[in-house]
>>> print(open('run22.cif').read())   # mmCIF, C-alpha atoms and all ligand atoms
data_data
#
loop_
_atom_site.label_atom_id
_atom_site.label_comp_id
_atom_site.auth_asym_id
_atom_site.auth_seq_id
_atom_site.Cartn_x
_atom_site.Cartn_y
_atom_site.Cartn_z
CA MET A 1 184.25 179.66 45.03
CA SER A 2 186.20 178.05 47.85
CA ARG A 3 188.46 179.55 50.49
CA ILE A 4 192.08 178.44 50.60
CA ILE A 5 195.07 178.90 52.89
CA THR A 6 198.71 177.95 52.31
CA ARG A 7 200.93 175.93 54.66
CA GLU A 8 203.00 179.07 55.28
CA GLN A 9 199.90 181.06 56.21
CA LEU A 10 198.75 178.29 58.55
CA LEU A 11 202.12 178.40 60.31
CA GLN A 12 201.87 182.19 60.55
CA LEU A 13 198.40 181.83 62.06
CA MET A 14 199.68 179.33 64.65
CA ASN A 15 202.56 181.64 65.56
CA ALA A 16 200.26 184.65 65.81
CA LEU A 17 197.88 182.74 68.10
CA ARG A 18 200.78 181.71 70.34
CA ALA A 19 202.09 185.26 70.44
CA GLY A 20 198.60 186.43 71.42
CA GLY A 21 198.51 184.06 74.42
CA SER A 22 196.54 181.12 72.99
CA LEU A 23 197.57 177.51 73.37
CA VAL A 24 197.96 175.78 70.02
CA GLY A 25 197.68 171.98 69.83
CA VAL A 26 199.23 170.27 66.80
CA PRO A 27 200.57 166.88 65.74
CA VAL A 28 204.39 166.76 65.79
CA ARG A 29 206.92 164.04 64.95
CA ALA A 30 208.96 162.71 67.89
CA ASP A 31 212.56 161.46 67.64
CA ASN A 32 211.39 157.84 67.51
CA GLY A 33 209.36 158.58 64.37
CA ASP A 34 205.92 158.48 66.03
CA ALA A 35 203.55 161.43 65.81
CA PHE A 36 201.96 162.96 68.94
CA TYR A 37 199.60 165.82 69.63
CA GLN A 38 201.24 168.44 71.79
CA TYR A 39 201.24 172.17 72.38
CA PHE A 40 203.12 174.05 69.66
CA ASP A 41 206.19 175.69 71.18
CA GLY A 42 207.35 177.50 68.03
CA GLN A 43 210.34 175.13 67.87
CA VAL A 44 209.12 171.73 66.66
CA GLU A 45 207.55 171.89 63.18
CA PRO A 46 203.81 170.98 63.26
CA LEU A 47 202.83 168.08 60.99
CA ILE A 48 200.39 169.56 58.49
CA ALA A 49 199.68 166.39 56.53
CA PRO A 50 196.52 164.36 55.89
CA THR A 51 198.32 161.03 56.26
CA VAL A 52 199.47 161.29 59.88
CA PHE A 53 198.29 158.88 62.60
CA PRO A 54 199.31 160.40 65.97
CA VAL A 55 199.61 157.79 68.71
CA THR A 56 198.00 160.16 71.22
CA THR A 57 194.59 161.76 71.07
CA ILE A 58 193.13 165.27 71.23
CA LYS A 59 191.02 164.30 74.27
CA GLU A 60 194.13 165.23 76.30
CA PHE A 61 193.49 168.90 75.47
CA PHE A 62 190.11 168.64 77.26
CA PHE A 63 190.69 165.87 79.77
CA PRO A 64 194.39 165.75 80.75
CA LYS A 65 196.07 162.54 81.94
CA THR A 66 196.41 164.07 85.38
CA GLU A 67 194.70 167.12 86.82
CA THR A 68 194.47 168.73 90.27
CA LEU A 69 190.85 169.25 91.39
CA TYR A 70 191.53 170.95 94.69
CA THR A 71 194.25 171.43 97.30
CA PHE A 72 194.00 171.12 101.07
CA LYS A 73 196.06 172.46 103.96
CA ARG A 74 195.73 171.61 107.61
CA GLU A 75 196.95 173.83 110.42
CA GLY A 76 196.04 172.49 113.86
CA ALA A 77 192.29 171.79 113.86
CA SER A 78 191.64 174.00 110.81
CA VAL A 79 191.57 172.66 107.23
CA THR A 80 191.52 174.96 104.17
CA VAL A 81 190.27 173.53 100.90
CA SER A 82 190.92 175.54 97.70
CA ASP A 83 189.38 174.70 94.34
CA ALA A 84 191.80 174.48 91.42
CA VAL A 85 191.69 177.49 89.12
CA PRO A 86 189.52 176.75 86.06
CA PHE A 87 191.06 176.71 82.61
CA THR A 88 190.84 180.21 81.11
CA LYS A 89 193.23 180.27 78.15
CA PRO A 90 191.86 180.07 74.62
CA GLN A 91 193.22 177.06 72.75
CA VAL A 92 193.11 176.03 69.10
CA ILE A 93 193.78 172.50 67.92
CA PHE A 94 195.00 172.26 64.33
CA CYS A 95 195.14 169.23 62.02
CA ALA A 96 193.14 166.92 64.26
CA ARG A 97 192.09 163.73 62.53
CA PRO A 98 188.32 163.89 61.81
CA CYS A 99 187.71 160.74 63.91
CA GLU A 100 189.44 162.48 66.85
CA ALA A 101 187.22 165.57 66.61
CA ALA A 102 184.13 163.38 66.19
CA ALA A 103 184.89 161.83 69.59
CA ILE A 104 184.46 165.11 71.47
CA PRO A 105 180.68 165.61 71.01
CA ILE A 106 180.29 161.91 71.86
CA ILE A 107 181.93 162.36 75.28
CA ASP A 108 180.44 165.83 75.96
CA PRO A 109 177.25 164.47 77.61
CA LEU A 110 179.30 162.32 79.97
CA PHE A 111 180.86 165.46 81.48
CA ALA A 112 177.49 167.25 81.74
CA TRP A 113 175.24 164.53 83.08
CA ASP A 114 174.78 163.87 86.79
CA TYR A 115 177.66 166.24 87.51
CA GLN A 116 178.62 169.39 85.59
CA ASP A 117 182.36 168.93 85.14
CA ARG A 118 183.67 172.48 84.96
CA PHE A 119 187.23 171.27 84.32
CA TYR A 120 186.20 169.59 81.07
CA GLN A 121 183.56 172.16 80.19
CA SER A 122 185.80 175.21 80.58
CA ARG A 123 188.37 173.68 78.22
CA ARG A 124 185.63 172.78 75.78
CA GLU A 125 184.30 176.35 75.76
CA MET A 126 187.75 177.82 75.25
CA THR A 127 188.74 175.49 72.39
CA THR A 128 188.45 175.71 68.61
CA ILE A 129 189.00 172.48 66.67
CA VAL A 130 190.34 172.45 63.11
CA THR A 131 190.48 169.05 61.45
CA LEU A 132 192.40 167.91 58.37
CA ALA A 133 190.42 165.42 56.26
CA CYS A 134 192.16 162.05 55.93
CA ALA A 135 193.85 161.28 52.62
CA ALA A 136 194.83 157.69 53.29
CA PRO A 137 193.00 155.59 55.90
CA ASP A 138 195.06 152.54 56.94
CA LYS A 139 194.03 148.91 57.55
CA ASN A 140 193.03 149.67 61.15
CA CYS A 141 190.55 152.45 60.25
CA PHE A 142 186.85 151.58 60.40
CA CYS A 143 185.11 154.97 60.73
CA THR A 144 182.62 153.95 58.04
CA SER A 145 181.44 151.04 60.22
CA VAL A 146 180.32 153.48 62.94
CA GLY A 147 178.61 156.00 60.67
CA LEU A 148 181.58 158.34 60.05
CA SER A 149 183.92 158.97 57.11
CA PRO A 150 187.39 160.45 56.31
CA ASP A 151 185.80 163.90 55.89
CA THR A 152 183.47 163.71 58.90
CA THR A 153 182.76 167.20 60.24
CA ASN A 154 181.36 166.16 63.65
CA GLY A 155 183.05 168.08 66.44
CA ALA A 156 185.00 170.36 64.09
CA ASP A 157 184.75 174.15 63.98
CA ALA A 158 186.56 174.20 60.64
CA VAL A 159 187.83 171.54 58.25
CA LEU A 160 190.92 171.65 56.04
CA LEU A 161 191.00 169.59 52.84
CA SER A 162 194.24 169.17 50.89
CA VAL A 163 194.35 170.88 47.51
CA ASP A 164 198.03 169.98 47.10
CA ASN A 165 200.95 169.50 49.47
CA ASP A 166 201.08 173.18 50.43
CA THR A 167 197.52 174.43 49.92
CA PHE A 168 194.34 173.64 51.84
CA GLU A 169 190.70 174.41 51.30
CA VAL A 170 189.12 175.86 54.45
CA ARG A 171 185.51 175.08 55.31
CA CYS A 172 184.29 176.94 58.40
CA LEU A 173 181.45 175.21 60.20
CA THR A 174 180.84 177.29 63.32
CA GLU A 175 181.22 180.84 64.56
CA LYS A 176 184.47 179.83 66.26
CA GLY A 177 185.80 178.52 62.94
CA GLU A 178 184.71 181.67 61.08
CA LYS A 179 186.35 183.88 63.68
CA LEU A 180 189.61 181.93 63.51
CA PHE A 181 189.96 182.14 59.72
CA ASP A 182 188.39 185.59 59.23
CA GLY A 183 190.67 187.52 56.84
CA LYS A 184 193.19 184.63 56.68
CA THR A 185 191.98 182.89 53.51
CA THR A 186 191.79 183.82 49.84
CA GLU A 187 189.06 182.94 47.37
CA SER A 188 189.88 180.30 44.81
CA ASP A 189 188.27 178.01 42.25
CA LYS A 190 190.37 175.11 43.61
CA THR A 191 188.78 172.61 45.95
CA GLY A 192 190.33 170.14 48.37
CA SER A 193 189.81 166.40 48.52
CA PHE A 194 189.98 163.49 50.94
CA GLY A 195 190.85 159.79 50.73
CA GLN A 196 188.77 156.75 49.94
CA ASN A 197 186.40 155.39 52.54
CA PRO A 198 187.85 152.46 54.49
CA PRO A 199 185.83 149.25 53.94
CA ILE A 200 182.83 148.63 56.21
CA GLN A 201 183.84 145.89 58.65
CA PHE A 202 180.49 145.17 60.35
CA ASP A 203 176.91 146.34 60.64
CA ALA A 204 176.83 148.36 63.88
CA ALA A 205 173.12 147.74 64.59
CA GLU A 206 173.50 143.97 64.07
CA LEU A 207 176.65 143.95 66.16
CA ARG A 208 174.85 145.66 69.02
CA GLU A 209 172.04 143.09 68.92
CA ARG A 210 174.56 140.28 68.89
CA LEU A 211 176.46 141.80 71.82
CA GLN A 212 173.25 142.00 73.82
CA LYS A 213 172.63 138.30 73.23
CA THR A 214 176.17 137.04 73.77
CA PHE A 215 177.16 138.47 77.14
CA ALA A 216 178.01 135.02 78.45
CA SER A 217 179.68 133.87 75.24
CA PRO A 218 182.80 131.71 75.68
CA LEU A 219 184.48 133.76 72.95
CA TYR A 220 185.61 136.24 75.62
CA ALA A 221 187.44 133.48 77.39
CA ASP A 222 189.15 132.70 74.15
CA GLU A 223 191.19 135.00 71.97
CA PRO A 224 190.90 138.36 73.82
CA SER A 225 191.60 136.69 77.12
CA VAL A 226 194.60 134.80 75.87
CA ARG A 227 196.15 137.63 73.90
CA CYS A 228 195.39 140.78 75.92
CA VAL A 229 198.02 141.58 78.55
CA GLY A 230 195.91 144.30 80.19
CA CYS A 231 198.37 147.12 79.57
CA GLY A 232 195.58 149.71 79.09
CA ALA A 233 197.28 151.31 76.07
CA CYS A 234 194.06 150.90 74.05
CA ALA A 235 192.17 153.09 76.51
CA PHE A 236 194.87 155.74 76.82
CA VAL A 237 195.12 156.28 73.05
CA CYS A 238 191.34 156.12 72.57
CA PRO A 239 189.66 159.48 71.89
CA THR A 240 186.43 158.30 73.56
CA CYS A 241 187.67 156.33 76.62
CA HIS A 242 187.23 158.53 79.67
CA CYS A 243 187.57 156.44 82.85
CA PHE A 244 189.41 158.11 85.69
CA ASP A 245 190.36 157.60 89.30
CA MET A 246 190.72 160.24 92.01
CA VAL A 247 193.50 160.05 94.58
CA ASP A 248 194.94 162.17 97.36
CA THR A 249 198.58 163.05 96.97
CA GLY A 250 201.02 164.97 99.18
CA SER A 251 200.70 164.72 102.95
CA VAL A 252 197.82 164.84 105.42
CA ASN A 253 198.77 168.45 106.20
CA ASP A 254 199.37 169.69 102.67
CA GLY A 255 197.99 167.82 99.69
CA ARG A 256 195.94 167.70 96.53
CA LYS A 257 193.01 165.72 95.14
CA VAL A 258 194.12 164.58 91.69
CA ARG A 259 192.16 162.98 88.85
CA ASN A 260 194.15 160.49 86.76
CA TRP A 261 193.21 158.44 83.71
CA ASP A 262 192.29 154.85 84.46
CA SER A 263 191.32 151.86 82.31
CA CYS A 264 188.83 149.02 82.57
CA GLN A 265 191.62 146.83 81.15
CA PHE A 266 193.56 147.04 84.43
CA LYS A 267 192.96 144.20 86.88
CA MET A 268 192.83 146.68 89.78
CA PHE A 269 190.07 148.73 88.12
CA THR A 270 187.35 146.56 89.71
CA HIS A 271 189.35 144.97 92.50
CA HIS A 272 187.31 145.27 95.74
CA ALA A 273 188.83 145.91 99.16
CA SER A 274 187.57 142.45 100.13
CA GLY A 275 189.85 140.90 97.51
CA HIS A 276 186.92 139.95 95.28
CA ASN A 277 187.13 141.00 91.64
CA PRO A 278 183.89 140.80 89.63
CA ARG A 279 185.88 140.86 86.37
CA ARG A 280 188.06 137.87 86.98
CA ASP A 281 190.11 137.61 83.82
CA GLN A 282 191.20 139.65 80.85
CA GLY A 283 188.41 138.27 78.66
CA GLU A 284 185.81 139.73 81.02
CA ARG A 285 187.64 143.05 80.96
CA GLN A 286 187.66 143.01 77.16
CA ARG A 287 183.95 142.23 77.20
CA GLN A 288 183.37 145.27 79.40
CA ARG A 289 185.19 147.54 76.94
CA VAL A 290 183.21 146.27 73.96
CA GLN A 291 179.87 146.24 75.82
CA HIS A 292 180.42 149.74 77.20
CA LYS A 293 181.22 151.17 73.78
CA PHE A 294 178.58 149.42 71.69
CA VAL A 295 175.71 148.70 74.13
CA ILE A 296 175.84 150.52 77.49
CA TYR A 297 176.94 154.00 76.34
CA PRO A 298 174.54 154.08 73.33
CA GLU A 299 171.68 153.06 75.66
CA LYS A 300 172.45 155.98 77.94
CA PHE A 301 173.71 158.71 75.60
CA ASP A 302 172.54 157.56 72.18
CA HIS A 303 176.05 157.43 70.69
CA ILE A 304 178.39 154.52 69.97
CA LEU A 305 181.46 155.23 72.10
CA CYS A 306 183.87 154.55 69.24
CA THR A 307 184.80 156.51 66.13
CA GLY A 308 186.64 153.70 64.35
CA CYS A 309 189.91 155.63 64.52
CA GLY A 310 191.96 152.43 64.88
CA ASN A 311 194.31 153.98 67.50
CA CYS A 312 193.75 151.06 69.88
CA THR A 313 194.87 148.46 67.36
CA ARG A 314 197.84 150.51 66.15
CA SER A 315 199.11 150.82 69.74
CA CYS A 316 198.38 147.29 70.95
CA ILE A 317 201.51 145.22 71.45
CA CYS A 318 199.36 142.08 71.02
CA GLU A 319 197.82 143.16 67.70
CA LEU A 320 194.41 143.35 69.36
CA GLY A 321 192.63 146.62 70.18
CA ILE A 322 188.88 146.65 69.53
CA LEU A 323 188.51 145.85 65.82
CA PRO A 324 189.76 142.23 65.91
CA VAL A 325 187.39 141.54 68.85
CA LEU A 326 184.46 143.16 67.02
CA LYS A 327 185.21 141.13 63.90
CA VAL A 328 185.11 137.87 65.88
CA ILE A 329 181.76 138.90 67.43
CA ALA A 330 180.35 140.00 64.05
CA LYS A 331 181.17 136.55 62.62
S1 LIG A 401 193.86 145.08 74.00
FE1 LIG A 401 196.04 145.43 73.64
S2 LIG A 401 196.37 147.59 74.23
FE2 LIG A 401 194.39 146.95 75.15
S3 LIG A 401 194.93 146.22 77.21
FE3 LIG A 401 194.94 144.42 75.86
S4 LIG A 401 197.09 144.23 75.23
FE4 LIG A 401 196.87 146.31 76.04
S1 LIG A 402 187.86 151.86 70.69
FE1 LIG A 402 189.66 151.95 69.32
S2 LIG A 402 188.82 152.43 67.32
FE2 LIG A 402 187.20 152.92 68.81
S3 LIG A 402 187.51 155.11 69.26
FE3 LIG A 402 188.66 153.95 70.78
S4 LIG A 402 190.75 153.80 69.95
FE4 LIG A 402 189.39 154.41 68.25
#
>>> encode(input="run22.cif", output="structure tokens")
Amino acid sequence: MSRIITREQLLQLMNALRAGGSLVGVPVRADNGDAFYQYFDGQVEPLIAPTVFPVTTIKEFFFPKTETLYTFKREGASVTVSDAVPFTKPQVIFCARPCEAAAIPIIDPLFAWDYQDRFYQSRREMTTIVTLACAAPDKNCFCTSVGLSPDTTNGADAVLLSVDNDTFEVRCLTEKGEKLFDGKTTESDKTGSFGQNPPIQFDAAELRERLQKTFASPLYADEPSVRCVGCGACAFVCPTCHCFDMVDTGSVNDGRKVRNWDSCQFKMFTHHASGHNPRRDQGERQRQRVQHKFVIYPEKFDHILCTGCGNCTRSCICELGILPVLKVIAK
């Protein structure tokens, strides 16, 4: 027997969680037609559909675009520094794409390595992730090339699979998932399904070997360099990209230390105070992104830093993102 829940019951659950003080992250449709993840406000209808490709990513619920780390105040010769209050609210993310959820355990070790990042970790502890298995991968999806699939359960506390438009099978994977759906499902002989696997685009192990041997390849000076405009959109919509910068804001007497997203695709990312820039052109910046994801990060944390979600290509105004670059390298 399986456990099922209806669309109506899911909406009731989201509303009940909100009423009980939890934050509820869902995909919603914006006026321009694009889908985004955002906190459910009870007004905008959540998108409960297995064919939605939000242009943003659930990493924002753990690692916000901008976040205050501490504040400082100066009065005469005395300076008071106050840590920002840690995140304490429970939050539940519904209908995350499986490749989004799979990104979270990949970036977990980064925030618990040489420094225990309590900002990330407190959100992680307080969050339950419910994915909705993909029904229709598009031409930019390549999860199968990095060892995942449309029904990947990595990072999820519970998975929904569509039975029909208004009914979903619920598979709880962790205690958090069980607790969330306890008493909310009914037993059924119906089971949910997911879409076909997207085609495998490259062999990840071979690609890694090739990347290690082709650091100085002229290919980086070619297509990626010519086409990429360095806008950084690929990093901002990527569920695994995690670079940030820390800046002081406010005044010398009353200010904050703020952490903001950054991207290795920005020229200023490696620009030294001397004026020297070790990554001189966009091709070298593209190389960094590919090398970091497929060579450097796996060497350090034993995970490819990419889930094949395709967000970067969907959002790239130059029809680039990572897959076209990987395909050129794989050839
Ligand atoms: S690959 Fe595309 S999205 Fe990424 S920086 Fe270049 S132009 Fe922007
Ligand atoms: S590099 Fe592109 S395909 Fe890979 S996880 Fe990031 S956005 Fe998704």
>>> closest_atom_pairs(input="run22.cif", of="chain A", to="ligand LIG 402 (chain A)", cutoff="10 Å", atoms="only C-alpha atoms and all ligand atoms", output="tab-separated table")
residue	atom	partner	partner_atom	distance
A:Val55	CA	A:LIG402	S4	9.8
A:Thr56	CA	A:LIG402	S4	9.7
A:Thr57	CA	A:LIG402	S4	8.9
A:Cys99	CA	A:LIG402	S3	7.8
A:Glu100	CA	A:LIG402	S3	8.0
A:Ala102	CA	A:LIG402	S3	9.4
A:Ala103	CA	A:LIG402	S3	7.2
A:Asn140	CA	A:LIG402	S2	8.0
A:Cys141	CA	A:LIG402	S2	7.3
A:Phe142	CA	A:LIG402	S2	7.2
A:Cys143	CA	A:LIG402	S2	8.0
A:Val146	CA	A:LIG402	FE2	9.1
A:Ala233	CA	A:LIG402	S4	9.3
A:Cys234	CA	A:LIG402	S4	6.0
A:Ala235	CA	A:LIG402	S4	6.7
A:Phe236	CA	A:LIG402	S4	8.2
A:Val237	CA	A:LIG402	S4	5.9
A:Cys238	CA	A:LIG402	S4	3.5
A:Pro239	CA	A:LIG402	S3	5.5
A:Thr240	CA	A:LIG402	S3	5.5
A:Cys241	CA	A:LIG402	FE3	6.4
A:Arg289	CA	A:LIG402	S1	8.1
A:Val290	CA	A:LIG402	S1	8.0
A:Lys293	CA	A:LIG402	S1	7.4
A:Phe294	CA	A:LIG402	S1	9.6
A:Ile304	CA	A:LIG402	FE2	9.0
A:Leu305	CA	A:LIG402	S3	6.7
A:Cys306	CA	A:LIG402	S3	3.7
A:Thr307	CA	A:LIG402	S3	4.4
A:Gly308	CA	A:LIG402	S2	3.9
A:Cys309	CA	A:LIG402	FE4	4.0
A:Gly310	CA	A:LIG402	S2	4.0
A:Asn311	CA	A:LIG402	S4	4.3
A:Cys312	CA	A:LIG402	S4	4.1
A:Thr313	CA	A:LIG402	FE1	6.6
A:Arg314	CA	A:LIG402	S4	8.7
A:Ser315	CA	A:LIG402	S4	8.9
A:Leu320	CA	A:LIG402	FE1	9.8
A:Gly321	CA	A:LIG402	FE1	6.2
A:Ile322	CA	A:LIG402	FE1	5.4
A:Leu323	CA	A:LIG402	S2	6.8
>>> atom_distance(input="run22.cif", atom1="CA of Leu110 (chain A)", atom2="CA of Asp245 (chain A)")
15.2 Å
>>> atom_distance(input="run22.cif", atom1="CA of Thr249 (chain A)", atom2="CA of Asp83 (chain A)")
15.1 Å
>>> residues_around(input="run22.cif", residues="Ile129 (chain A)", least_positions_apart="5", cutoff="6 Å", atoms="only C-alpha atoms", output="mmCIF file with C-alpha atoms, in the frame of the given file")
data_model
loop_
_atom_site.group_PDB
_atom_site.id
_atom_site.type_symbol
_atom_site.label_atom_id
_atom_site.label_comp_id
_atom_site.auth_asym_id
_atom_site.auth_seq_id
_atom_site.Cartn_x
_atom_site.Cartn_y
_atom_site.Cartn_z
ATOM 1 C CA VAL A 92 193.110 176.030 69.100
ATOM 2 C CA ILE A 93 193.780 172.500 67.920
ATOM 3 C CA ALA A 156 185.000 170.360 64.090
ATOM 4 C CA ASP A 157 184.750 174.150 63.980
#
>>> axis_aligned_box(input="run22.cif", around="ligand LIG 401 (chain A)", padding_each_side="4 Å", output="JSON")
{"center_x": 195.5, "center_y": 145.9, "center_z": 75.4, "size_x": 11.2, "size_y": 11.4, "size_z": 11.6}
>>> residues_around(input="run22.cif", residues="Ala49 (chain A)", least_positions_apart="3", cutoff="9 Å", atoms="all atoms listed in the file", output="ChimeraX atom specification")
/A:52,95,132,134-135,162,165
>>> closest_residue(input="run22.cif", among="A:Asp164, A:Asp114, A:Asp182, A:Glu209", to="Phe194 (chain A)", atoms="all atoms listed in the file")
A:Asp164
>>> residues_around(input="run22.cif", residues="region 265-278 of chain A", least_positions_apart="3", cutoff="10 Å", atoms="only C-alpha atoms", output="list in words")
Cys228, Val229, Gly230, Cys231, Gly232, Ala233, Cys234, Ala235, Cys243, Phe244, Asp245, Asp262, Asp281, Gln282, Gly283, Glu284, Arg285, Gln286, Arg287, Gln288 and Arg289 of chain A
>>> closest_residue(input="run22.cif", among="A:Ala16, A:Ser82, A:Val325, A:Pro54", to="Asp34 (chain A)", atoms="all atoms listed in the file")
A:Pro54
>>> atom_distance(input="run22.cif", atom1="CA of Leu47 (chain A)", atom2="CA of Val130 (chain A)")
13.4 Å
>>> residues_near_point(input="run22.cif", point="(180.7, 140.3, 64.2)", cutoff="8 Å", atoms="only C-alpha atoms", output="PyMOL selection string")
chain A and resi 202-203+207+210+326-331
>>> closest_residue(input="run22.cif", among="A:Tyr120, A:Tyr115, A:Phe36, A:Phe63", to="Ala96 (chain A)", atoms="all atoms listed in the file")
A:Phe36
>>> closest_residue(input="run22.cif", among="A:Ser22, A:Thr185, A:Gln291, A:Ser263", to="ligand LIG 401 (chain A)", atoms="all atoms listed in the file")
A:Ser263
>>> closest_residue(input="run22.cif", among="A:Leu10, A:Arg3, A:Asp166, A:Gly42", to="Phe94 (chain A)", atoms="all atoms listed in the file")
A:Leu10
>>> closest_residue(input="run22.cif", among="A:Phe119, A:Phe215, A:Phe62, A:Trp113", to="Val85 (chain A)", atoms="only C-alpha atoms")
A:Phe119
>>> decode(input="run22.cif", residues="region 38-58 of chain A", atoms="N, CA and C atoms", output="CSV table (one decimal), in the first residue's frame")
chain,number,residue,atom,x,y,z
A,38,GLN,N,9.6,31.1,-3.3
A,38,GLN,CA,9.5,32.2,-2.3
A,38,GLN,C,8.6,31.7,-1.1
A,39,TYR,N,8.6,32.5,0.0
A,39,TYR,CA,7.8,32.1,1.1
A,39,TYR,C,6.3,32.3,0.8
A,40,PHE,N,5.6,31.3,1.1
A,40,PHE,CA,4.1,31.2,0.9
A,40,PHE,C,3.5,32.3,1.8
A,41,ASP,N,2.7,33.2,1.3
A,41,ASP,CA,2.1,34.2,2.1
A,41,ASP,C,0.6,34.0,2.2
A,42,GLY,N,0.1,32.9,1.7
A,42,GLY,CA,-1.3,32.6,1.8
A,42,GLY,C,-2.1,33.3,0.7
A,43,GLN,N,-1.4,34.1,-0.1
A,43,GLN,CA,-2.1,34.9,-1.1
A,43,GLN,C,-1.9,34.2,-2.5
A,44,VAL,N,-0.6,34.1,-2.8
A,44,VAL,CA,-0.2,33.6,-4.2
A,44,VAL,C,-0.3,32.1,-4.1
A,45,GLU,N,-1.0,31.5,-5.1
A,45,GLU,CA,-1.2,30.1,-5.1
A,45,GLU,C,0.1,29.4,-5.4
A,46,PRO,N,0.5,28.4,-4.5
A,46,PRO,CA,1.8,27.6,-4.8
A,46,PRO,C,1.6,26.8,-6.0
A,47,LEU,N,2.7,26.6,-6.8
A,47,LEU,CA,2.7,25.8,-8.0
A,47,LEU,C,3.0,24.3,-7.5
A,48,ILE,N,1.9,23.5,-7.5
A,48,ILE,CA,2.1,22.1,-7.1
A,48,ILE,C,2.1,21.3,-8.4
A,49,ALA,N,3.2,21.3,-9.2
A,49,ALA,CA,3.2,20.6,-10.5
A,49,ALA,C,4.6,20.1,-10.8
A,50,PRO,N,4.6,18.9,-11.3
A,50,PRO,CA,5.9,18.3,-11.6
A,50,PRO,C,6.6,18.7,-12.8
A,51,THR,N,6.2,19.8,-13.4
A,51,THR,CA,6.7,20.2,-14.7
A,51,THR,C,7.2,21.7,-14.6
A,52,VAL,N,7.5,22.1,-13.4
A,52,VAL,CA,7.8,23.5,-13.2
A,52,VAL,C,9.3,23.7,-13.1
A,53,PHE,N,9.9,24.7,-13.7
A,53,PHE,CA,11.3,25.0,-13.6
A,53,PHE,C,11.5,26.4,-13.0
A,54,PRO,N,11.5,26.5,-11.7
A,54,PRO,CA,11.7,27.8,-11.1
A,54,PRO,C,13.1,28.4,-11.6
A,55,VAL,N,13.1,29.7,-11.8
A,55,VAL,CA,14.4,30.3,-12.2
A,55,VAL,C,15.3,30.6,-11.0
A,56,THR,N,14.7,30.5,-9.8
A,56,THR,CA,15.6,30.6,-8.6
A,56,THR,C,15.8,29.3,-8.0
A,57,THR,N,16.5,29.2,-6.8
A,57,THR,CA,16.9,27.9,-6.3
A,57,THR,C,16.6,27.9,-4.8
A,58,ILE,N,16.4,26.7,-4.3
A,58,ILE,CA,16.1,26.5,-2.8
A,58,ILE,C,17.3,26.9,-1.9
